[in-house]
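For reference, the structure is listed below as structure tokens.
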2 protein chains.
Amino acid sequence: MKELKEAILKYGVGIGDSIVKVDSFLNHRIDVELSTLMGRDIAAHFAEKQIDIVLTVESSGIAVAMTTAQALGNIPVVFARKSTSLNVGPDVYTAQVYSFTRQVLNTIRVSKAYLPAGSRVLVVDDFLANGAAIEGMRDILTQAGCELAGAAVCVEKGFQAGGSRLRASGIDLYSLAIVDGIDNGKILLRED
Amino acid sequence: MKELKEAILKYGVGIGDSIVKVDSFLNHRIDVELSTLMGRDIAAHFAEKQIDIVLTVESSGIAVAMTTAQALGNIPVVFARKSTSLNVGPDVYTAQVYSFTRQVLNTIRVSKAYLPAGSRVLVVDDFLANGAAIEGMRDILTQAGCELAGAAVCVEKGFQAGGSRLRASGIDLYSLAIVDGIDNGKILLRED
């Protein structure tokens, strides 16, 4: 997606050989106009899929999940919780998600009531690296008897294994920008 | 706000004498149309305040912060982090926020770069009970030399102390719905 790629090249910072820092517009400060455009782009890509629910995981995925759901006609967003919360009851689906960046195993959870069996669900997240978050959400959708209609991420780290593995497993994965590497701080984007 | 109050009365669940469970439309599953309407309502209330930035704290505040920022003309959202993250560098403002519901002390943090001195900031959150989150964000804005132009919350627990204390301190606090108590599971809303 052109506007996101421009923002990555203009404001993104590459650190070491794997960190793509885009917190100035994507996951700490949010460029709301860009987020709205990304939501429209994702919605257009999945327009024929008759999506019922957008599923993401807190926190950084919530903004683009919101704008995607708006563009899909104000369908509901459900966000998986990483922590136990008074806002989530005991009747939940859970999955284990290993965070490579933090090196911790998180349990994500979604209340069963908000994933009715048979729903067509689009999974949305800000980043895709090793694919653990999306696989965790897929696991929850399987438990719920929902259909994973597709997955969309803002930034895919193309030099890590997640994207290839998810596509090989048959998921319709749409990445708005794919980073192929970092060269002396410069972020290298894949051409369309 | 009429639509939110209707949703609280229709879908909200009162538990014990203090828990207001609205996770079916506000903070686990999100009713995106309602969230968009809430953002417009908050933006209209603060239309004269020339807001530069919407500040919230992860995770449940992000959705309504997004819709508020959209309605204010696509101004940026900044969300304070509760955890240390690779997405937040070391150059941060921090504040201590005590969570009464979880009985833990969280440190919230915002990168200094995203709160330029002199900015007029609207603080937005989903819930207001004891007011600790909003006071923490006010603390950060003071450190940053920003102006707290106002605060907006979806649901204020009017039977807890936060709202009164914040108003007494001079904050322009706007609550879309105020819960005055719970009576045998029934949520009692304050009349306008």
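Each chain in the structure tokens gets a letter, A, B and so on, in the order shown; residues start at 1 in every chain, and ligands are counted from 1 in the order they appear.
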
Can you check which residues of chain B have any atom within 10 Å of chain A? Use only C-alpha atoms and format it as an MDAnalysis selection string.
-> chainID B and resid 19:36 53:55 57:67 69:70 73:81 84:89 101:102 110:111 113:115

Members of stretch 13-172 of chain B assigned alpha helix (DSSP H) by DSSP, as a PyMOL selection string | chain B and resi 32-45+62-71+132-144+162-168

Could you pull out all residues of stretch 10-155 of chain A with a DSSP call of strand (DSSP E) and give them as a VMD selection string?
-> chain A and resid 13 to 15 19 to 21 29 to 30 53 to 57 77 to 80 92 to 99 104 to 111 120 to 128 147 to 155

Applying 10 Å and only C-alpha atoms, which residues near A:Tyr174 remain after dropping the ones on its own chain fewer than 3 positions away? List them as a short mmCIF file (atom, residue, chain, number, x, y, z; two decimals) with C-alpha atoms, in the first residue's frame.
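Wrote it out as part12.cif, contents follow:
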```cif
data_model
loop_
_atom_site.label_atom_id
_atom_site.label_comp_id
_atom_site.auth_asym_id
_atom_site.auth_seq_id
_atom_site.Cartn_x
_atom_site.Cartn_y
_atom_site.Cartn_z
CA ILE A 42 -7.75 -4.05 3.80
CA HIS A 45 -9.03 -6.57 -0.46
CA PHE A 46 -11.50 -8.75 1.45
CA VAL A 124 -5.89 -8.13 11.63
CA GLY A 150 -8.22 -14.18 5.87
CA ALA A 151 -5.53 -12.25 7.67
CA ALA A 152 -4.21 -8.74 7.12
CA VAL A 153 -1.16 -7.08 8.61
CA CYS A 154 0.27 -3.62 8.15
CA VAL A 155 3.93 -4.63 8.14
CA GLU A 156 5.26 -8.09 7.38
CA GLY A 163 4.45 -15.00 6.33
CA ARG A 167 0.64 -18.70 3.23
CA ILE A 171 -4.30 -18.61 4.78
CA ALA A 177 4.04 -3.58 3.25
CA ILE A 178 6.75 -6.23 3.34
#
```

Determine, counting only C-alpha atoms, which protein, DNA and RNA residues have an atom within 10 Å of an atom of B:Ser119; residues of the same chain fewer than 4 positions away are not included. Present the result as a ChimeraX atom specification.
-> /B:50-53,114-115,141,144-149

List the neighbours of B:Ala71 out to 7 Å using only C-alpha atoms; skip same-chain residues closer than 6 positions along the sequence, and give me the result as a ChimeraX atom specification.
-> /B:39-40,43

Once you have the residues from the selection above, write them out as a PDB file, in the first residue's frame, restricted to N, CA and C atoms.
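Written out: out11.pdb:
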```pdb
ATOM      1  N   GLY B  39     -17.135   8.806  19.459  1.00  0.00           N
ATOM      2  CA  GLY B  39     -16.041   9.692  19.068  1.00  0.00           C
ATOM      3  C   GLY B  39     -16.554  11.027  18.553  1.00  0.00           C
ATOM      4  N   ARG B  40     -17.609  10.968  17.756  1.00  0.00           N
ATOM      5  CA  ARG B  40     -18.186  12.223  17.239  1.00  0.00           C
ATOM      6  C   ARG B  40     -18.750  13.082  18.357  1.00  0.00           C
ATOM      7  N   ALA B  43     -15.875  14.636  20.240  1.00  0.00           N
ATOM      8  CA  ALA B  43     -15.265  15.689  19.420  1.00  0.00           C
ATOM      9  C   ALA B  43     -16.129  16.945  19.408  1.00  0.00           C
TER      10      ALA B  43
END
```
